[in-house]
Amino acid sequence: MTRLLLAEDQAMIREALATLLDLEPDLEVVAAVGRGDEVLDALAAAKAAGNEVDVALLDIEMPGMDGICAAERAHAAYPGLRIVILTTFGRPGFLRRAMEAGASAFLVKDAPAAQLADAIRRVVAGERVIDPDLAAAALADGVNPLTSRERDVLAASAGGASNAEIAAKLFLSEGTVRNYLSACIQKTGTRNRTEALTLARTKGWL
């Protein structure tokens, strides 16, 4: 029996997925959470109860912590855990970030239940499973041009945060923040930080 953790913030979708997956004779949902920052605790609780999770299915957009960050932390804490990213956001940048975070599969939510069950079995067998249309788009879209620190600074600029506010949040100097934001604008080919942020989000680079 393959034991599953399901992380999805929409209760209706979470319950429907759990019901469909539990219908499979070799799959069992042993934990379900609605927030990304609940994933590690749920994995630990399942292990303590003797139901160590084999595969975690994580949505990307969740409160508390996004699914890609949750995947990275879960992968670090449980190296043998297989991670499947499920998302409505089929953005090439998300795919690259998910793979870098240790995900074994990346599927869009509108995939048939039988396809999801098959993907789970394949990742347990050691395969990687990626939505073919998304894989093609990722190749065509190229590599994320922003460094990790540039992404942090650009993300922190959301909501019109000033350079001083960004600097205080990330423990940087204001001059360093200006340099990072200038690099983001240049690399994205945009005119200002707002356009750079919008483009990076659209591409799934943040």
# chains A, B, ... in the order shown; residues from 1 in each chain; ligands from 1

$ select_by_dssp --residues "stretch 27-205 of chain A" --states "strand (DSSP E or B)" --output "list in words"
Leu27, Glu28, Val29, Val30, Ala31, Ala32, Val33, Val55, Ala56, Leu57, Leu58, Asp59, Arg82, Ile83, Val84, Ile85, Leu86, Thr87, Ala105, Phe106, Leu107, Val108, Val129 and Ile130 of chain A

$ residues_around --residues "A:Glu28" --least-positions-apart "4" --cutoff "8 Å" --atoms "only C-alpha atoms" --output "NGL selection string"
:A and (1-4 or 21-22 or 24)

$ write_last_selection --atoms "all heavy atoms" --output "mmCIF file, in the first residue's frame"
data_model
loop_
_atom_site.group_PDB
_atom_site.id
_atom_site.type_symbol
_atom_site.label_atom_id
_atom_site.label_comp_id
_atom_site.auth_asym_id
_atom_site.auth_seq_id
_atom_site.Cartn_x
_atom_site.Cartn_y
_atom_site.Cartn_z
ATOM 1 N N MET A 1 0.842 -1.192 0.000
ATOM 2 C CA MET A 1 0.000 0.000 0.000
ATOM 3 C C MET A 1 0.882 1.248 0.000
ATOM 4 O O MET A 1 1.804 1.374 0.813
ATOM 5 C CB MET A 1 -0.906 0.003 1.236
ATOM 6 C CG MET A 1 -1.877 1.156 1.295
ATOM 7 S SD MET A 1 -3.159 1.073 0.009
ATOM 8 C CE MET A 1 -4.144 -0.292 0.618
ATOM 9 N N THR A 2 0.607 2.176 -0.900
ATOM 10 C CA THR A 2 1.328 3.447 -0.966
ATOM 11 C C THR A 2 0.561 4.491 -0.179
ATOM 12 O O THR A 2 -0.608 4.764 -0.467
ATOM 13 C CB THR A 2 1.498 3.911 -2.426
ATOM 14 O OG1 THR A 2 2.291 2.949 -3.137
ATOM 15 C CG2 THR A 2 2.180 5.263 -2.489
ATOM 16 N N ARG A 3 1.214 5.062 0.830
ATOM 17 C CA ARG A 3 0.563 6.037 1.711
ATOM 18 C C ARG A 3 0.801 7.457 1.197
ATOM 19 O O ARG A 3 1.943 7.811 0.855
ATOM 20 C CB ARG A 3 1.066 5.884 3.148
ATOM 21 C CG ARG A 3 0.652 4.551 3.782
ATOM 22 C CD ARG A 3 1.224 4.398 5.179
ATOM 23 N NE ARG A 3 2.672 4.276 5.139
ATOM 24 C CZ ARG A 3 3.312 3.124 5.003
ATOM 25 N NH1 ARG A 3 2.629 1.994 4.876
ATOM 26 N NH2 ARG A 3 4.638 3.086 4.992
ATOM 27 N N LEU A 4 -0.258 8.255 1.189
ATOM 28 C CA LEU A 4 -0.218 9.579 0.573
ATOM 29 C C LEU A 4 -0.533 10.683 1.567
ATOM 30 O O LEU A 4 -1.359 10.506 2.477
ATOM 31 C CB LEU A 4 -1.237 9.671 -0.575
ATOM 32 C CG LEU A 4 -1.246 8.538 -1.610
ATOM 33 C CD1 LEU A 4 -2.406 8.744 -2.569
ATOM 34 C CD2 LEU A 4 0.076 8.502 -2.366
ATOM 35 N N LEU A 21 -8.635 8.961 -4.806
ATOM 36 C CA LEU A 21 -7.396 8.204 -4.617
ATOM 37 C C LEU A 21 -7.606 7.002 -3.702
ATOM 38 O O LEU A 21 -6.997 5.946 -3.893
ATOM 39 C CB LEU A 21 -6.302 9.117 -4.054
ATOM 40 C CG LEU A 21 -5.791 10.184 -5.033
ATOM 41 C CD1 LEU A 21 -4.918 11.203 -4.321
ATOM 42 C CD2 LEU A 21 -5.031 9.543 -6.187
ATOM 43 N N ASP A 22 -8.483 7.151 -2.707
ATOM 44 C CA ASP A 22 -8.753 6.035 -1.800
ATOM 45 C C ASP A 22 -9.501 4.901 -2.494
ATOM 46 O O ASP A 22 -9.541 3.775 -1.969
ATOM 47 C CB ASP A 22 -9.559 6.516 -0.585
ATOM 48 C CG ASP A 22 -8.672 7.144 0.494
ATOM 49 O OD1 ASP A 22 -7.475 6.812 0.525
ATOM 50 O OD2 ASP A 22 -9.178 7.952 1.295
ATOM 51 N N GLU A 24 -8.522 3.649 -5.235
ATOM 52 C CA GLU A 24 -7.493 2.804 -5.831
ATOM 53 C C GLU A 24 -7.057 1.739 -4.823
ATOM 54 O O GLU A 24 -6.819 2.056 -3.651
ATOM 55 C CB GLU A 24 -6.287 3.653 -6.242
ATOM 56 C CG GLU A 24 -6.589 4.720 -7.287
ATOM 57 C CD GLU A 24 -6.938 4.132 -8.641
ATOM 58 O OE1 GLU A 24 -6.396 3.051 -8.965
ATOM 59 O OE2 GLU A 24 -7.741 4.746 -9.365
#

$ select_by_dssp --residues "stretch 10-77 of chain A" --states "helix (DSSP H, G or I)" --output "PyMOL selection string"
chain A and resi 11-22+36-48+67-77

$ write_last_selection --atoms "N, CA, C and O atoms" --output "compact mmCIF listing (two decimals), in the first residue's frame"
# COMPACT_ATOMS: atom_id res chain seq x y z
N ALA A 11 -10.98 23.01 0.23
CA ALA A 11 -11.50 21.82 0.91
C ALA A 11 -12.24 20.88 -0.04
O ALA A 11 -12.10 19.65 0.03
N MET A 12 -13.03 21.43 -0.94
CA MET A 12 -13.82 20.60 -1.84
C MET A 12 -12.92 19.76 -2.75
O MET A 12 -13.13 18.56 -2.94
N ILE A 13 -11.88 20.42 -3.30
CA ILE A 13 -10.95 19.70 -4.17
C ILE A 13 -10.15 18.68 -3.37
O ILE A 13 -9.93 17.55 -3.80
N ARG A 14 -9.72 19.07 -2.16
CA ARG A 14 -8.95 18.18 -1.31
C ARG A 14 -9.75 16.91 -0.99
O ARG A 14 -9.24 15.79 -1.09
N GLU A 15 -11.01 17.08 -0.61
CA GLU A 15 -11.84 15.94 -0.26
C GLU A 15 -12.15 15.07 -1.47
O GLU A 15 -12.17 13.84 -1.38
N ALA A 16 -12.38 15.72 -2.62
CA ALA A 16 -12.67 14.95 -3.83
C ALA A 16 -11.46 14.12 -4.26
O ALA A 16 -11.59 12.94 -4.61
N LEU A 17 -10.27 14.73 -4.20
CA LEU A 17 -9.05 14.00 -4.56
C LEU A 17 -8.81 12.84 -3.61
O LEU A 17 -8.46 11.73 -4.03
N ALA A 18 -9.02 13.08 -2.31
CA ALA A 18 -8.82 12.03 -1.32
C ALA A 18 -9.76 10.86 -1.58
O ALA A 18 -9.37 9.69 -1.51
N THR A 19 -11.02 11.17 -1.90
CA THR A 19 -12.00 10.12 -2.16
C THR A 19 -11.62 9.31 -3.40
O THR A 19 -11.67 8.07 -3.38
N LEU A 20 -11.23 9.99 -4.47
CA LEU A 20 -10.86 9.30 -5.70
C LEU A 20 -9.61 8.43 -5.51
O LEU A 20 -9.56 7.29 -5.99
N LEU A 21 -8.63 8.96 -4.81
CA LEU A 21 -7.40 8.20 -4.62
C LEU A 21 -7.61 7.00 -3.70
O LEU A 21 -7.00 5.95 -3.89
N ASP A 22 -8.48 7.15 -2.71
CA ASP A 22 -8.75 6.03 -1.80
C ASP A 22 -9.50 4.90 -2.49
O ASP A 22 -9.54 3.77 -1.97
N GLY A 36 0.40 25.12 3.35
CA GLY A 36 1.74 24.64 3.05
C GLY A 36 2.60 24.49 4.28
O GLY A 36 3.46 23.61 4.36
N ASP A 37 2.38 25.36 5.29
CA ASP A 37 3.20 25.29 6.50
C ASP A 37 2.75 24.19 7.46
O ASP A 37 3.30 24.05 8.55
N GLU A 38 1.75 23.40 7.05
CA GLU A 38 1.30 22.26 7.86
C GLU A 38 1.88 20.95 7.35
O GLU A 38 1.71 19.90 7.98
N VAL A 39 2.57 20.99 6.22
CA VAL A 39 3.04 19.76 5.58
C VAL A 39 4.03 19.00 6.44
O VAL A 39 3.89 17.79 6.68
N LEU A 40 5.06 19.68 6.94
CA LEU A 40 6.09 19.00 7.72
C LEU A 40 5.52 18.38 8.99
O LEU A 40 5.87 17.25 9.35
N ASP A 41 4.65 19.11 9.68
CA ASP A 41 4.03 18.57 10.89
C ASP A 41 3.17 17.34 10.57
O ASP A 41 3.16 16.36 11.32
N ALA A 42 2.47 17.40 9.46
CA ALA A 42 1.62 16.27 9.07
C ALA A 42 2.45 15.04 8.72
O ALA A 42 2.09 13.91 9.05
N LEU A 43 3.59 15.26 8.05
CA LEU A 43 4.48 14.15 7.73
C LEU A 43 5.03 13.52 9.01
O LEU A 43 5.10 12.29 9.13
N ALA A 44 5.42 14.37 9.96
CA ALA A 44 5.96 13.87 11.23
C ALA A 44 4.90 13.11 12.01
O ALA A 44 5.19 12.05 12.60
N ALA A 45 3.67 13.63 12.03
CA ALA A 45 2.59 12.98 12.77
C ALA A 45 2.25 11.62 12.16
O ALA A 45 2.01 10.64 12.88
N ALA A 46 2.24 11.56 10.83
CA ALA A 46 1.95 10.29 10.16
C ALA A 46 3.03 9.26 10.47
O ALA A 46 2.74 8.09 10.73
N LYS A 47 4.28 9.70 10.46
CA LYS A 47 5.39 8.78 10.77
C LYS A 47 5.30 8.28 12.20
O LYS A 47 5.50 7.09 12.47
N ALA A 48 4.98 9.18 13.13
CA ALA A 48 4.86 8.80 14.53
C ALA A 48 3.74 7.80 14.76
O ALA A 48 3.81 6.96 15.67
N GLY A 67 3.53 25.56 -2.26
CA GLY A 67 3.84 24.14 -2.39
C GLY A 67 5.27 23.85 -2.77
O GLY A 67 5.81 22.79 -2.40
N ILE A 68 5.90 24.76 -3.51
CA ILE A 68 7.29 24.52 -3.92
C ILE A 68 8.24 24.66 -2.73
O ILE A 68 9.15 23.85 -2.55
N CYS A 69 8.00 25.66 -1.89
CA CYS A 69 8.81 25.79 -0.67
C CYS A 69 8.55 24.61 0.26
O CYS A 69 9.49 24.08 0.87
N ALA A 70 7.29 24.20 0.36
CA ALA A 70 6.96 23.04 1.19
C ALA A 70 7.64 21.79 0.66
O ALA A 70 8.13 20.95 1.43
N ALA A 71 7.69 21.66 -0.66
CA ALA A 71 8.35 20.51 -1.28
C ALA A 71 9.84 20.49 -0.94
O ALA A 71 10.40 19.44 -0.61
N GLU A 72 10.46 21.66 -1.02
CA GLU A 72 11.90 21.75 -0.73
C GLU A 72 12.20 21.33 0.70
O GLU A 72 13.14 20.56 0.96
N ARG A 73 11.39 21.80 1.64
CA ARG A 73 11.62 21.46 3.05
C ARG A 73 11.30 20.00 3.33
O ARG A 73 12.01 19.34 4.10
N ALA A 74 10.23 19.50 2.72
CA ALA A 74 9.87 18.09 2.92
C ALA A 74 10.93 17.17 2.34
O ALA A 74 11.28 16.14 2.94
N HIS A 75 11.46 17.54 1.18
CA HIS A 75 12.50 16.73 0.55
C HIS A 75 13.76 16.70 1.40
O HIS A 75 14.44 15.67 1.51
N ALA A 76 14.09 17.84 2.01
CA ALA A 76 15.27 17.91 2.87
C ALA A 76 15.09 17.08 4.14
O ALA A 76 16.03 16.41 4.60
N ALA A 77 13.88 17.10 4.70
CA ALA A 77 13.62 16.37 5.94
C ALA A 77 13.42 14.88 5.71
O ALA A 77 13.76 14.06 6.57

$ closest_residue --among "A:Asp9, A:Pro145, A:Lys169, A:Leu23" --to "A:Gly189" --atoms "only C-alpha atoms"
A:Pro145

$ residues_around --residues "stretch 107-114 of chain A" --least-positions-apart "6" --cutoff "9 Å" --atoms "only C-alpha atoms" --output "PDB file with all heavy atoms, in the first residue's frame"
ATOM      1  N   LEU A  17     -10.270  14.728  -4.204  1.00  0.00           N
ATOM      2  CA  LEU A  17      -9.055  13.998  -4.561  1.00  0.00           C
ATOM      3  C   LEU A  17      -8.815  12.835  -3.607  1.00  0.00           C
ATOM      4  O   LEU A  17      -8.456  11.730  -4.027  1.00  0.00           O
ATOM      5  CB  LEU A  17      -7.850  14.941  -4.535  1.00  0.00           C
ATOM      6  CG  LEU A  17      -7.653  15.855  -5.747  1.00  0.00           C
ATOM      7  CD1 LEU A  17      -6.527  16.847  -5.466  1.00  0.00           C
ATOM      8  CD2 LEU A  17      -7.338  15.051  -6.996  1.00  0.00           C
ATOM      9  N   LEU A  20     -11.226   9.991  -4.466  1.00  0.00           N
ATOM     10  CA  LEU A  20     -10.858   9.304  -5.701  1.00  0.00           C
ATOM     11  C   LEU A  20      -9.609   8.433  -5.514  1.00  0.00           C
ATOM     12  O   LEU A  20      -9.559   7.295  -5.988  1.00  0.00           O
ATOM     13  CB  LEU A  20     -10.611  10.327  -6.815  1.00  0.00           C
ATOM     14  CG  LEU A  20     -11.846  11.040  -7.373  1.00  0.00           C
ATOM     15  CD1 LEU A  20     -11.428  12.192  -8.281  1.00  0.00           C
ATOM     16  CD2 LEU A  20     -12.730  10.061  -8.143  1.00  0.00           C
ATOM     17  N   LEU A  21      -8.635   8.961  -4.806  1.00  0.00           N
ATOM     18  CA  LEU A  21      -7.396   8.204  -4.617  1.00  0.00           C
ATOM     19  C   LEU A  21      -7.606   7.002  -3.702  1.00  0.00           C
ATOM     20  O   LEU A  21      -6.997   5.946  -3.893  1.00  0.00           O
ATOM     21  CB  LEU A  21      -6.302   9.117  -4.054  1.00  0.00           C
ATOM     22  CG  LEU A  21      -5.791  10.184  -5.033  1.00  0.00           C
ATOM     23  CD1 LEU A  21      -4.918  11.203  -4.321  1.00  0.00           C
ATOM     24  CD2 LEU A  21      -5.031   9.543  -6.187  1.00  0.00           C
ATOM     25  N   ASP A  59      -0.265  21.135  -3.701  1.00  0.00           N
ATOM     26  CA  ASP A  59      -0.697  22.246  -4.547  1.00  0.00           C
ATOM     27  C   ASP A  59       0.375  23.332  -4.468  1.00  0.00           C
ATOM     28  O   ASP A  59       1.163  23.369  -3.519  1.00  0.00           O
ATOM     29  CB  ASP A  59      -2.038  22.768  -4.035  1.00  0.00           C
ATOM     30  CG  ASP A  59      -2.626  23.860  -4.909  1.00  0.00           C
ATOM     31  OD1 ASP A  59      -2.261  23.924  -6.107  1.00  0.00           O
ATOM     32  OD2 ASP A  59      -3.435  24.655  -4.409  1.00  0.00           O
ATOM     33  N   VAL A  84       4.799  14.993  -5.589  1.00  0.00           N
ATOM     34  CA  VAL A  84       4.049  15.286  -6.809  1.00  0.00           C
ATOM     35  C   VAL A  84       3.436  16.677  -6.652  1.00  0.00           C
ATOM     36  O   VAL A  84       2.716  16.934  -5.688  1.00  0.00           O
ATOM     37  CB  VAL A  84       2.928  14.254  -7.046  1.00  0.00           C
ATOM     38  CG1 VAL A  84       2.087  14.637  -8.262  1.00  0.00           C
ATOM     39  CG2 VAL A  84       3.519  12.860  -7.226  1.00  0.00           C
ATOM     40  N   ILE A  85       3.750  17.575  -7.571  1.00  0.00           N
ATOM     41  CA  ILE A  85       3.159  18.913  -7.560  1.00  0.00           C
ATOM     42  C   ILE A  85       1.910  18.901  -8.438  1.00  0.00           C
ATOM     43  O   ILE A  85       1.953  18.511  -9.608  1.00  0.00           O
ATOM     44  CB  ILE A  85       4.152  19.966  -8.088  1.00  0.00           C
ATOM     45  CG1 ILE A  85       5.382  20.058  -7.180  1.00  0.00           C
ATOM     46  CG2 ILE A  85       3.474  21.328  -8.206  1.00  0.00           C
ATOM     47  CD1 ILE A  85       5.125  20.601  -5.796  1.00  0.00           C
ATOM     48  N   LEU A  86       0.800  19.326  -7.849  1.00  0.00           N
ATOM     49  CA  LEU A  86      -0.465  19.452  -8.576  1.00  0.00           C
ATOM     50  C   LEU A  86      -0.832  20.929  -8.623  1.00  0.00           C
ATOM     51  O   LEU A  86      -0.826  21.595  -7.587  1.00  0.00           O
ATOM     52  CB  LEU A  86      -1.579  18.685  -7.858  1.00  0.00           C
ATOM     53  CG  LEU A  86      -1.506  17.164  -7.870  1.00  0.00           C
ATOM     54  CD1 LEU A  86      -2.632  16.589  -7.018  1.00  0.00           C
ATOM     55  CD2 LEU A  86      -1.618  16.646  -9.292  1.00  0.00           C
ATOM     56  N   THR A  87      -1.138  21.433  -9.800  1.00  0.00           N
ATOM     57  CA  THR A  87      -1.413  22.865  -9.884  1.00  0.00           C
ATOM     58  C   THR A  87      -2.370  23.208 -11.010  1.00  0.00           C
ATOM     59  O   THR A  87      -2.478  22.477 -11.998  1.00  0.00           O
ATOM     60  CB  THR A  87      -0.093  23.635 -10.077  1.00  0.00           C
ATOM     61  OG1 THR A  87      -0.362  25.033 -10.108  1.00  0.00           O
ATOM     62  CG2 THR A  87       0.583  23.221 -11.380  1.00  0.00           C
ATOM     63  N   THR A  88      -3.061  24.313 -10.830  1.00  0.00           N
ATOM     64  CA  THR A  88      -3.858  24.877 -11.925  1.00  0.00           C
ATOM     65  C   THR A  88      -3.002  25.840 -12.732  1.00  0.00           C
ATOM     66  O   THR A  88      -3.400  26.284 -13.796  1.00  0.00           O
ATOM     67  CB  THR A  88      -5.076  25.644 -11.380  1.00  0.00           C
ATOM     68  OG1 THR A  88      -4.636  26.600 -10.417  1.00  0.00           O
ATOM     69  CG2 THR A  88      -6.058  24.700 -10.710  1.00  0.00           C
ATOM     70  N   PHE A  89      -1.811  26.167 -12.202  1.00  0.00           N
ATOM     71  CA  PHE A  89      -0.934  27.143 -12.850  1.00  0.00           C
ATOM     72  C   PHE A  89       0.146  26.416 -13.642  1.00  0.00           C
ATOM     73  O   PHE A  89       1.187  26.076 -13.115  1.00  0.00           O
ATOM     74  CB  PHE A  89      -0.295  28.064 -11.805  1.00  0.00           C
ATOM     75  CG  PHE A  89      -1.307  28.819 -10.990  1.00  0.00           C
ATOM     76  CD1 PHE A  89      -1.690  28.351  -9.745  1.00  0.00           C
ATOM     77  CD2 PHE A  89      -1.891  29.972 -11.486  1.00  0.00           C
ATOM     78  CE1 PHE A  89      -2.633  29.049  -8.997  1.00  0.00           C
ATOM     79  CE2 PHE A  89      -2.830  30.666 -10.747  1.00  0.00           C
ATOM     80  CZ  PHE A  89      -3.207  30.203  -9.500  1.00  0.00           C
ATOM     81  N   GLY A  90      -0.125  26.166 -14.898  1.00  0.00           N
ATOM     82  CA  GLY A  90       0.817  25.440 -15.728  1.00  0.00           C
ATOM     83  C   GLY A  90       1.897  26.346 -16.287  1.00  0.00           C
ATOM     84  O   GLY A  90       2.011  26.507 -17.497  1.00  0.00           O
ATOM     85  N   VAL A 129       7.650  12.196 -13.690  1.00  0.00           N
ATOM     86  CA  VAL A 129       6.458  12.337 -14.526  1.00  0.00           C
ATOM     87  C   VAL A 129       6.139  13.824 -14.665  1.00  0.00           C
ATOM     88  O   VAL A 129       5.887  14.505 -13.673  1.00  0.00           O
ATOM     89  CB  VAL A 129       5.251  11.600 -13.917  1.00  0.00           C
ATOM     90  CG1 VAL A 129       4.052  11.689 -14.852  1.00  0.00           C
ATOM     91  CG2 VAL A 129       5.596  10.145 -13.617  1.00  0.00           C
ATOM     92  N   ILE A 130       6.160  14.314 -15.896  1.00  0.00           N
ATOM     93  CA  ILE A 130       5.901  15.729 -16.149  1.00  0.00           C
ATOM     94  C   ILE A 130       4.861  15.851 -17.256  1.00  0.00           C
ATOM     95  O   ILE A 130       4.954  15.159 -18.282  1.00  0.00           O
ATOM     96  CB  ILE A 130       7.192  16.461 -16.569  1.00  0.00           C
ATOM     97  CG1 ILE A 130       8.244  16.330 -15.466  1.00  0.00           C
ATOM     98  CG2 ILE A 130       6.922  17.928 -16.869  1.00  0.00           C
ATOM     99  CD1 ILE A 130       9.602  16.869 -15.859  1.00  0.00           C
ATOM    100  N   ASP A 131       3.895  16.721 -17.045  1.00  0.00           N
ATOM    101  CA  ASP A 131       2.894  16.988 -18.071  1.00  0.00           C
ATOM    102  C   ASP A 131       3.612  17.353 -19.374  1.00  0.00           C
ATOM    103  O   ASP A 131       4.418  18.287 -19.389  1.00  0.00           O
ATOM    104  CB  ASP A 131       1.993  18.146 -17.619  1.00  0.00           C
ATOM    105  CG  ASP A 131       0.938  18.498 -18.642  1.00  0.00           C
ATOM    106  OD1 ASP A 131       1.246  19.325 -19.523  1.00  0.00           O
ATOM    107  OD2 ASP A 131      -0.163  17.941 -18.577  1.00  0.00           O
ATOM    108  N   LEU A 134       3.461  20.979 -20.665  1.00  0.00           N
ATOM    109  CA  LEU A 134       4.194  21.892 -19.806  1.00  0.00           C
ATOM    110  C   LEU A 134       5.699  21.728 -19.998  1.00  0.00           C
ATOM    111  O   LEU A 134       6.452  22.703 -19.989  1.00  0.00           O
ATOM    112  CB  LEU A 134       3.822  21.647 -18.351  1.00  0.00           C
ATOM    113  CG  LEU A 134       4.301  22.691 -17.342  1.00  0.00           C
ATOM    114  CD1 LEU A 134       3.808  24.072 -17.733  1.00  0.00           C
ATOM    115  CD2 LEU A 134       3.835  22.325 -15.954  1.00  0.00           C
TER     116      LEU A 134
END

$ atom_distance --atom1 "atom CA of A:Gly80" --atom2 "atom CA of A:Val55"
9.2 Å

$ residues_around --residues "A:Gln186" --least-positions-apart "6" --cutoff "12 Å" --atoms "only C-alpha atoms" --output "VMD selection string"
chain A and resid 145 to 146 150 179 to 180 192 to 193 195 to 196

$ write_last_selection --atoms "N, CA, C and O atoms" --output "mmCIF file, in the first residue's frame"
data_model
loop_
_atom_site.group_PDB
_atom_site.id
_atom_site.type_symbol
_atom_site.label_atom_id
_atom_site.label_comp_id
_atom_site.auth_asym_id
_atom_site.auth_seq_id
_atom_site.Cartn_x
_atom_site.Cartn_y
_atom_site.Cartn_z
ATOM 1 N N PRO A 145 16.114 33.784 -15.605
ATOM 2 C CA PRO A 145 17.346 34.589 -15.603
ATOM 3 C C PRO A 145 17.696 35.178 -14.246
ATOM 4 O O PRO A 145 18.804 35.700 -14.065
ATOM 5 N N LEU A 146 16.774 35.107 -13.289
ATOM 6 C CA LEU A 146 16.989 35.753 -11.999
ATOM 7 C C LEU A 146 17.680 34.819 -11.016
ATOM 8 O O LEU A 146 17.347 33.644 -10.921
ATOM 9 N N GLU A 150 18.004 37.784 -6.258
ATOM 10 C CA GLU A 150 17.216 38.727 -7.058
ATOM 11 C C GLU A 150 15.728 38.399 -6.939
ATOM 12 O O GLU A 150 14.898 39.312 -6.850
ATOM 13 N N ASN A 179 20.604 47.773 -6.469
ATOM 14 C CA ASN A 179 21.363 47.028 -7.485
ATOM 15 C C ASN A 179 20.618 45.773 -7.924
ATOM 16 O O ASN A 179 20.566 45.450 -9.116
ATOM 17 N N TYR A 180 20.052 45.061 -6.963
ATOM 18 C CA TYR A 180 19.309 43.854 -7.300
ATOM 19 C C TYR A 180 18.074 44.182 -8.144
ATOM 20 O O TYR A 180 17.771 43.497 -9.129
ATOM 21 N N ASN A 192 10.309 49.010 -15.150
ATOM 22 C CA ASN A 192 10.368 49.331 -13.721
ATOM 23 C C ASN A 192 10.140 48.066 -12.898
ATOM 24 O O ASN A 192 9.857 46.999 -13.440
ATOM 25 N N ARG A 193 10.263 48.205 -11.586
ATOM 26 C CA ARG A 193 10.148 47.034 -10.711
ATOM 27 C C ARG A 193 8.757 46.413 -10.738
ATOM 28 O O ARG A 193 8.619 45.187 -10.603
ATOM 29 N N GLU A 195 6.664 46.254 -13.338
ATOM 30 C CA GLU A 195 6.567 45.425 -14.539
ATOM 31 C C GLU A 195 7.426 44.170 -14.404
ATOM 32 O O GLU A 195 7.026 43.076 -14.835
ATOM 33 N N ALA A 196 8.594 44.307 -13.792
ATOM 34 C CA ALA A 196 9.471 43.151 -13.597
ATOM 35 C C ALA A 196 8.803 42.122 -12.702
ATOM 36 O O ALA A 196 8.856 40.906 -12.963
#

$ atom_distance --atom1 "atom CA of A:Arg35" --atom2 "atom CA of A:Pro63"
5.3 Å

$ atom_distance --atom1 "atom CA of A:Glu52" --atom2 "atom CA of A:Gly64"
23.1 Å

$ closest_residue --among "A:Ser182, A:Gly34, A:Arg191, A:Val153" --to "A:Ala168" --atoms "only C-alpha atoms"
A:Val153

$ residues_around --residues "A:Thr190" --least-positions-apart "6" --cutoff "12 Å" --atoms "only C-alpha atoms" --output "PyMOL selection string"
chain A and resi 181-184+196-200

$ write_last_selection --atoms "N, CA, C and O atoms" --output "CSV table (one decimal), in the first residue's frame"
chain,number,residue,atom,x,y,z
A,181,LEU,N,17.4,45.2,-7.8
A,181,LEU,CA,16.2,45.6,-8.5
A,181,LEU,C,16.5,46.1,-9.9
A,181,LEU,O,15.8,45.7,-10.9
A,182,SER,N,17.6,46.8,-10.1
A,182,SER,CA,18.1,47.2,-11.4
A,182,SER,C,18.4,46.0,-12.3
A,182,SER,O,18.1,46.0,-13.4
A,183,ALA,N,19.0,45.0,-11.6
A,183,ALA,CA,19.4,43.8,-12.4
A,183,ALA,C,18.1,43.0,-12.8
A,183,ALA,O,18.0,42.5,-13.9
A,184,CYS,N,17.1,43.0,-11.9
A,184,CYS,CA,15.8,42.4,-12.3
A,184,CYS,C,15.2,43.1,-13.5
A,184,CYS,O,14.6,42.4,-14.4
A,196,ALA,N,8.6,44.3,-13.8
A,196,ALA,CA,9.5,43.2,-13.6
A,196,ALA,C,8.8,42.1,-12.7
A,196,ALA,O,8.9,40.9,-13.0
A,197,LEU,N,8.2,42.6,-11.6
A,197,LEU,CA,7.5,41.7,-10.7
A,197,LEU,C,6.3,41.0,-11.4
A,197,LEU,O,6.1,39.8,-11.3
A,198,THR,N,5.5,41.7,-12.2
A,198,THR,CA,4.4,41.1,-12.9
A,198,THR,C,4.9,40.1,-13.9
A,198,THR,O,4.3,39.0,-14.0
A,199,LEU,N,5.9,40.4,-14.6
A,199,LEU,CA,6.4,39.4,-15.6
A,199,LEU,C,7.0,38.2,-14.9
A,199,LEU,O,6.7,37.0,-15.4
A,200,ALA,N,7.7,38.4,-13.9
A,200,ALA,CA,8.3,37.2,-13.2
A,200,ALA,C,7.2,36.3,-12.6
A,200,ALA,O,7.4,35.1,-12.6

$ closest_residue --among "A:Ile60, A:Ala105, A:Ala164, A:Met65" --to "A:Val124" --atoms "only C-alpha atoms"
A:Ala105

$ residues_around --residues "A:Leu206" --least-positions-apart "2" --cutoff "9 Å" --atoms "only C-alpha atoms" --output "list in words"
Gly93, Phe94, Arg97, Arg151, Asp152, Leu154, Ala155, Leu197, Ala200, Arg201, Thr202, Lys203 and Gly204 of chain A

$ write_last_selection --atoms "C-alpha atoms" --output "compact mmCIF listing (two decimals), in the first residue's frame"
# COMPACT_ATOMS: atom_id res chain seq x y z
CA GLY A 93 8.91 28.62 -14.32
CA PHE A 94 6.96 26.71 -11.70
CA ARG A 97 11.45 25.48 -9.54
CA ARG A 151 14.00 36.73 -6.75
CA ASP A 152 13.89 37.41 -3.01
CA LEU A 154 11.83 41.39 -6.33
CA ALA A 155 9.23 39.39 -4.38
CA LEU A 197 7.46 41.69 -10.72
CA ALA A 200 8.31 37.23 -13.16
CA ARG A 201 5.05 36.10 -11.58
CA THR A 202 3.49 35.37 -14.96
CA LYS A 203 6.49 33.28 -15.93
CA GLY A 204 6.46 31.42 -12.63
